[in-house]
>>> print(open('entry_27.txt').read())   # compact mmCIF, C-alpha atoms
# COMPACT_ATOMS: atom_id res chain seq x y z
CA MET A 1 0.02 -52.84 -47.46
CA LEU A 2 0.57 -56.04 -49.36
CA PRO A 3 1.71 -58.96 -47.27
CA GLY A 4 5.30 -59.96 -47.72
CA ARG A 5 6.45 -56.79 -49.28
CA MET A 6 7.81 -55.22 -46.19
CA PRO A 7 9.08 -56.87 -43.06
CA ARG A 8 6.49 -56.43 -40.42
CA THR A 9 7.81 -54.83 -37.33
CA ASN A 10 6.16 -55.10 -34.02
CA ARG A 11 8.51 -52.77 -32.35
CA ARG A 12 7.71 -49.14 -32.60
CA ALA A 13 10.29 -46.47 -32.00
CA VAL A 14 9.80 -45.42 -28.39
CA SER A 15 9.27 -41.70 -28.23
CA LYS A 16 11.20 -40.14 -25.42
CA ILE A 17 11.64 -36.64 -24.19
CA PRO A 18 14.98 -36.26 -22.57
CA THR A 19 14.33 -35.06 -19.06
CA CYS A 20 17.80 -34.95 -17.62
CA THR A 21 18.31 -31.35 -18.71
CA MET A 22 15.14 -30.15 -17.05
CA GLY A 23 16.97 -29.30 -13.89
CA ASP A 24 19.41 -27.17 -15.81
CA ILE A 25 16.61 -25.43 -17.65
CA SER A 26 14.65 -24.63 -14.53
CA MET A 27 17.77 -23.44 -12.71
CA LEU A 28 18.60 -21.29 -15.68
CA LEU A 29 15.13 -19.76 -15.69
CA MET A 30 15.27 -19.18 -11.98
CA ILE A 31 18.64 -17.48 -12.17
CA PHE A 32 17.49 -15.42 -15.11
CA PHE A 33 14.41 -14.12 -13.31
CA MET A 34 16.28 -13.61 -10.08
CA SER A 35 18.86 -11.46 -11.79
CA THR A 36 16.46 -9.46 -13.91
CA VAL A 37 13.91 -8.65 -11.24
CA ILE A 38 14.01 -5.02 -10.20
CA PHE A 39 12.62 -3.98 -6.90
CA ARG A 40 11.40 -0.48 -7.28
CA MET A 41 12.56 1.47 -4.32
CA ASP A 42 10.98 4.82 -3.96
CA ASN A 43 11.69 5.82 -0.47
CA GLY A 44 11.13 9.50 -0.54
CA LEU A 45 11.66 10.10 3.13
CA PRO A 46 11.90 7.78 6.08
CA VAL A 47 8.44 7.78 7.55
CA SER A 48 6.62 5.52 9.90
CA LEU A 49 3.10 5.34 8.61
CA PRO A 50 0.10 5.14 10.88
CA ARG A 51 -1.78 1.86 10.80
CA SER A 52 -5.46 1.39 10.19
CA GLU A 53 -8.24 -1.12 10.44
CA ALA A 54 -10.31 0.12 7.52
CA GLY A 55 -7.50 0.61 5.00
CA GLN A 56 -8.45 -0.04 1.39
CA ARG A 57 -6.31 -0.81 -1.59
CA VAL A 58 -5.17 2.29 -3.40
CA PRO A 59 -4.25 1.65 -7.04
CA ARG A 60 -0.62 2.41 -7.60
CA GLU A 61 -0.89 3.34 -11.24
CA ASN A 62 -2.85 6.51 -10.64
CA SER A 63 -1.26 7.62 -7.44
CA ALA A 64 1.11 10.48 -6.87
CA ARG A 65 2.87 10.09 -3.60
CA ILE A 66 3.63 12.88 -1.23
CA TRP A 67 6.00 12.13 1.60
CA ILE A 68 5.97 14.19 4.76
CA ASP A 69 8.32 13.22 7.55
CA ALA A 70 8.08 13.90 11.27
CA ASP A 71 9.88 17.23 10.89
CA GLY A 72 7.49 18.40 8.20
CA ARG A 73 9.81 18.03 5.22
CA VAL A 74 7.88 17.38 2.03
CA SER A 75 9.04 15.23 -0.85
CA ILE A 76 7.51 14.30 -4.18
CA ASP A 77 9.25 12.06 -6.72
CA ASP A 78 12.43 11.79 -4.66
CA ASN A 79 12.92 15.54 -4.48
CA ILE A 80 12.56 17.52 -1.31
CA ILE A 81 10.38 20.46 -2.12
CA ASP A 82 8.85 23.39 -0.39
CA ILE A 83 5.32 22.74 0.79
CA SER A 84 3.95 25.50 -1.46
CA ASP A 85 5.42 23.72 -4.50
CA ILE A 86 2.88 20.93 -4.05
CA GLU A 87 0.37 22.99 -5.99
CA PRO A 88 2.31 23.40 -9.28
CA VAL A 89 3.78 19.89 -9.17
CA ILE A 90 0.45 18.21 -8.57
CA SER A 91 -1.44 20.33 -11.07
CA ARG A 92 1.13 19.33 -13.70
CA LYS A 93 0.61 15.68 -12.83
CA LEU A 94 -3.14 16.15 -12.80
CA SER A 95 -3.17 17.59 -16.31
CA ARG A 96 -1.41 14.44 -17.50
CA ASN A 97 -3.69 12.09 -15.57
CA PRO A 98 -7.09 13.42 -14.52
CA ALA A 99 -7.79 10.30 -12.45
CA LEU A 100 -4.87 11.06 -10.18
CA ILE A 101 -5.06 10.05 -6.55
CA VAL A 102 -2.70 11.92 -4.29
CA SER A 103 -1.52 9.64 -1.55
CA PHE A 104 -0.10 10.99 1.65
CA ASN A 105 2.75 9.02 3.12
CA THR A 106 2.97 11.03 6.26
CA ASP A 107 4.81 10.17 9.43
CA LYS A 108 2.42 9.66 12.27
CA ARG A 109 4.37 12.07 14.46
CA CYS A 110 3.99 14.92 12.00
CA PRO A 111 1.84 17.78 13.28
CA TYR A 112 -1.53 17.87 11.53
CA GLY A 113 -1.16 21.55 10.66
CA ILE A 114 1.38 20.69 7.96
CA VAL A 115 -0.88 18.03 6.46
CA SER A 116 -3.72 20.52 6.49
CA GLN A 117 -1.58 23.05 4.62
CA ALA A 118 -0.73 20.40 2.04
CA ILE A 119 -4.43 19.60 1.64
CA ASP A 120 -5.14 23.28 1.04
CA TYR A 121 -2.55 23.36 -1.75
CA LEU A 122 -4.14 20.26 -3.25
CA LYS A 123 -7.53 21.92 -3.19
CA ASN A 124 -6.01 24.86 -5.04
CA ALA A 125 -4.57 22.47 -7.61
CA ASN A 126 -8.01 20.89 -7.86
CA ALA A 127 -6.68 17.48 -6.86
CA VAL A 128 -9.71 16.24 -5.04
CA ARG A 129 -8.98 12.55 -4.76
CA ILE A 130 -6.62 11.88 -1.92
CA ALA A 131 -5.74 8.99 0.32
CA PHE A 132 -3.98 8.82 3.64
CA MET A 133 -1.72 5.82 3.42
CA ALA A 134 -2.19 3.59 6.42
CA PRO A 135 -1.43 -0.11 5.99
CA ARG A 136 -3.97 -2.35 7.57
CA ILE A 137 -2.95 -4.06 10.77
CA GLU A 138 -2.99 -7.79 10.91
CA ARG A 139 -5.60 -9.38 13.07
CA GLY A 140 -4.61 -8.93 16.67
CA GLY A 141 -2.03 -6.27 15.85
CA SER A 142 -1.84 -3.06 17.79
CA LEU A 143 -2.68 0.42 16.60
CA GLU A 144 -0.21 2.19 18.83
CA GLU A 145 0.59 5.68 17.65
CA MET B 1 56.58 -56.56 -7.72
CA ARG B 2 53.45 -56.46 -9.53
CA LEU B 3 51.55 -53.28 -9.46
CA VAL B 4 48.02 -53.84 -10.29
CA ARG B 5 46.41 -50.82 -11.63
CA ARG B 6 42.93 -50.80 -10.37
CA LYS B 7 40.28 -49.18 -12.27
CA ARG B 8 38.99 -46.25 -10.30
CA GLU B 9 35.33 -45.69 -9.99
CA SER B 10 34.45 -42.35 -11.43
CA PRO B 11 32.73 -40.17 -8.82
CA ASP B 12 29.15 -39.37 -9.65
CA ILE B 13 26.79 -36.81 -8.35
CA PRO B 14 23.23 -37.88 -8.88
CA LEU B 15 21.70 -35.26 -11.10
CA ALA B 16 18.29 -36.75 -11.52
CA SER B 17 16.87 -34.79 -8.59
CA THR B 18 18.19 -31.34 -9.53
CA ALA B 19 14.95 -30.56 -11.32
CA ASP B 20 12.99 -31.43 -8.21
CA VAL B 21 15.23 -29.28 -6.06
CA ALA B 22 14.94 -26.36 -8.43
CA PHE B 23 11.19 -26.63 -8.59
CA LEU B 24 11.00 -26.90 -4.85
CA LEU B 25 12.96 -23.69 -4.49
CA LEU B 26 10.82 -22.03 -7.13
CA ILE B 27 7.60 -23.01 -5.39
CA PHE B 28 9.00 -21.91 -2.05
CA PHE B 29 9.86 -18.46 -3.34
CA ILE B 30 6.56 -18.09 -5.19
CA ALA B 31 4.64 -18.97 -2.06
CA THR B 32 6.59 -16.73 0.28
CA THR B 33 6.77 -13.63 -1.91
CA VAL B 34 4.63 -10.82 -0.62
CA PHE B 35 3.92 -8.00 -2.99
CA SER B 36 3.67 -4.82 -1.04
CA LEU B 37 0.27 -3.31 -1.44
CA ASP B 38 -0.66 0.28 -0.99
CA GLU B 39 -3.36 0.55 1.59
CA GLY B 40 -4.88 3.72 2.78
CA LEU B 41 -7.94 5.71 3.62
CA PRO B 42 -9.28 7.42 0.51
CA LEU B 43 -11.16 10.66 0.70
CA ILE B 44 -12.62 13.09 -1.79
CA LEU B 45 -12.05 16.75 -1.18
CA PRO B 46 -14.47 19.43 -2.24
CA ALA B 47 -13.44 20.83 -5.61
CA ARG B 48 -12.17 24.36 -5.90
CA GLY B 49 -14.98 26.75 -6.48
CA ALA B 50 -17.56 24.13 -5.62
CA SER B 51 -20.74 25.72 -4.45
CA VAL B 52 -20.93 25.99 -0.71
CA VAL B 53 -23.40 23.48 0.57
CA LYS B 54 -25.23 24.55 3.64
CA VAL B 55 -25.88 21.74 6.00
CA SER B 56 -28.35 21.95 8.79
CA VAL B 57 -26.71 21.86 12.21
CA LYS B 58 -28.66 18.85 13.24
CA ASN B 59 -27.09 16.86 10.40
CA VAL B 60 -23.56 17.60 11.51
CA VAL B 61 -21.57 15.80 14.12
CA ARG B 62 -18.43 17.60 15.21
CA ILE B 63 -15.52 15.41 16.14
CA VAL B 64 -12.61 17.37 17.52
CA VAL B 65 -9.14 15.98 18.00
CA HIS B 66 -7.42 18.20 20.53
CA GLU B 67 -3.77 19.06 20.84
CA ASP B 68 -3.17 16.51 23.59
CA GLY B 69 -4.86 13.78 21.58
CA THR B 70 -8.16 13.70 23.39
CA VAL B 71 -11.16 13.34 21.15
CA THR B 72 -14.55 14.89 21.67
CA VAL B 73 -17.69 13.94 19.80
CA ASP B 74 -20.10 16.87 20.02
CA LYS B 75 -18.08 18.19 22.97
CA LYS B 76 -18.28 14.91 24.87
CA GLU B 77 -14.94 13.29 25.48
CA THR B 78 -14.83 9.82 23.94
CA PRO B 79 -12.23 7.08 23.79
CA VAL B 80 -10.99 6.65 20.22
CA ASP B 81 -12.11 3.04 19.95
CA GLY B 82 -15.66 4.02 20.79
CA ILE B 83 -16.06 6.50 17.94
CA SER B 84 -17.01 4.01 15.25
CA GLY B 85 -19.85 2.62 17.35
CA ILE B 86 -21.20 6.07 18.16
CA VAL B 87 -21.00 7.31 14.58
CA ARG B 88 -22.53 4.12 13.25
CA GLY B 89 -25.49 4.63 15.56
CA MET B 90 -25.83 8.25 14.47
CA ILE B 91 -25.77 7.30 10.79
CA ALA B 92 -28.43 4.66 11.41
CA GLU B 93 -30.65 7.39 12.84
CA ASN B 94 -29.84 10.02 10.25
CA ASP B 95 -28.46 8.98 6.88
CA LYS B 96 -27.75 12.57 5.88
CA LEU B 97 -25.20 12.90 8.63
CA VAL B 98 -22.03 14.84 7.85
CA VAL B 99 -19.04 14.23 10.04
CA SER B 100 -16.88 17.24 10.56
CA LEU B 101 -13.45 16.10 11.70
CA GLU B 102 -11.58 19.00 13.20
CA THR B 103 -7.99 18.54 14.21
CA HIS B 104 -5.75 20.85 16.17
CA PRO B 105 -2.76 21.94 14.06
CA ARG B 106 -0.28 20.72 16.65
CA CYS B 107 -1.97 17.38 17.14
CA ARG B 108 -0.09 14.38 15.81
CA TYR B 109 -1.19 13.21 12.38
CA GLY B 110 -1.32 9.60 13.57
CA ARG B 111 -4.05 10.49 16.02
CA MET B 112 -6.18 12.08 13.32
CA VAL B 113 -5.73 9.02 11.07
CA ARG B 114 -6.91 6.81 13.89
CA VAL B 115 -10.09 8.81 14.21
CA LEU B 116 -10.54 8.82 10.43
CA ASP B 117 -10.05 5.06 10.48
CA GLN B 118 -12.84 4.78 13.02
CA LEU B 119 -15.10 6.85 10.78
CA LYS B 120 -14.30 4.57 7.85
CA LEU B 121 -15.07 1.58 10.03
CA ALA B 122 -18.44 3.13 10.77
CA SER B 123 -18.81 3.47 6.97
CA ALA B 124 -19.27 7.20 7.16
CA THR B 125 -19.10 8.63 3.66
CA ARG B 126 -19.63 12.32 4.23
CA ILE B 127 -16.52 13.43 6.00
CA SER B 128 -15.20 16.94 6.08
CA LEU B 129 -11.67 17.64 7.25
CA ARG B 130 -10.98 20.86 9.02
CA LEU B 131 -8.43 22.58 11.12
CA PHE B 132 -9.55 23.12 14.66
CA SER B 133 -9.31 26.68 15.83
CA PRO B 134 -9.77 27.19 19.56
CA GLU B 135 -11.88 30.33 19.03
CA THR B 136 -14.71 28.44 17.39
CA GLY B 137 -14.35 25.41 19.64
>>> encode(input="entry_27.txt", output="structure tokens")
Amino acid sequence: MLPGRMPRTNRRAVSKIPTCTMGDISMLLMIFFMSTVIFRMDNGLPVSLPRSEAGQRVPRENSARIWIDADGRVSIDDNIIDISDIEPVISRKLSRNPALIVSFNTDKRCPYGIVSQAIDYLKNANAVRIAFMAPRIERGGSLEE
Amino acid sequence: MRLVRRKRESPDIPLASTADVAFLLLIFFIATTVFSLDEGLPLILPARGASVVKVSVKNVVRIVVHEDGTVTVDKKETPVDGISGIVRGMIAENDKLVVSLETHPRCRYGRMVRVLDQLKLASATRISLRLFSPETG
């Protein structure tokens, strides 16, 4: 630049990001996510699960859940079904997803005979991977039945 | 009479800290959210038509959960909490050990899960679930 041709300015334009709307933006985001969140409720039957010490994570994506309550009622996918219907329902699911894990959400007061029957139907359907859902107790918690 | 109209001060709510408040709330909810996890005891059943594997009697430990909830390990009554220690010792001696968990049909499911939990704690991998029939017991 040739001297004298343009007035020399020492002052640069101060770049500023307006921050006073940040609160509005974050509130807006928060309200948006709060209102769009969906809690998936799949309570098939009211059961009180047994607790365990050695419980492992069971991937949800591959699991088909069977609910059995204290009276021995059986439910899959929010429908109460007859225990013998486990076989066709699970074999249909298994043909869609061969890596299926059948997870038992059984009430701890349920007699074992019913669970055993359900297992027999699963064997017939060739669903070999099962899991007995039992959330792990916190340290110092009790395992009362 | 002279009425002096005073200029009123316009009320102001300080808005500069709303962002901080919002972020505080956000961080609070992020930190306190607990995603429910599915936890359970996985097991693999024998496939249908799988060839029957004969296991020598000395490789089998029979754990029976009776109707009243008492548990016997090879016909010796055992407190539930002691099972994992016993089975762990047996596995250390014999790594081909198969645990046969037999449960009475009228026994509560919760009891059986507790025993299964003990077996998992003892890191037993070969577990066979059966229904206990008094004739064979």
>>> atom_distance(input="entry_27.txt", atom1="CA of Gln56 in chain A", atom2="CA of Met90 in chain B")
23.3 Å
>>> interface_residues(input="entry_27.txt", of="chain B", to="chain A", cutoff="8 Å", atoms="all atoms listed in the file", output="ChimeraX atom specification")
/B:15-20,22-23,26,37-48,103-114,117-118,120-121,130-131
>>> residues_around(input="entry_27.txt", residues="Ile81 in chain A", least_positions_apart="5", cutoff="12 Å", atoms="all atoms listed in the file", output="PyMOL selection string")
chain A and resi 44-45+66-68+72-76+86-89+118
>>> residues_around(input="entry_27.txt", residues="Ile86 in chain B", least_positions_apart="3", cutoff="12 Å", atoms="only C-alpha atoms", output="list in words")
Val61, Ile63, Thr72, Val73, Asp74, Lys76, Thr78, Pro79, Val80, Asp81, Gly82, Ile83, Gly89, Met90, Ile91, Ala92, Glu93, Val99, Gln118, Leu119, Leu121, Ala122, Ser123 and Ala124 of chain B
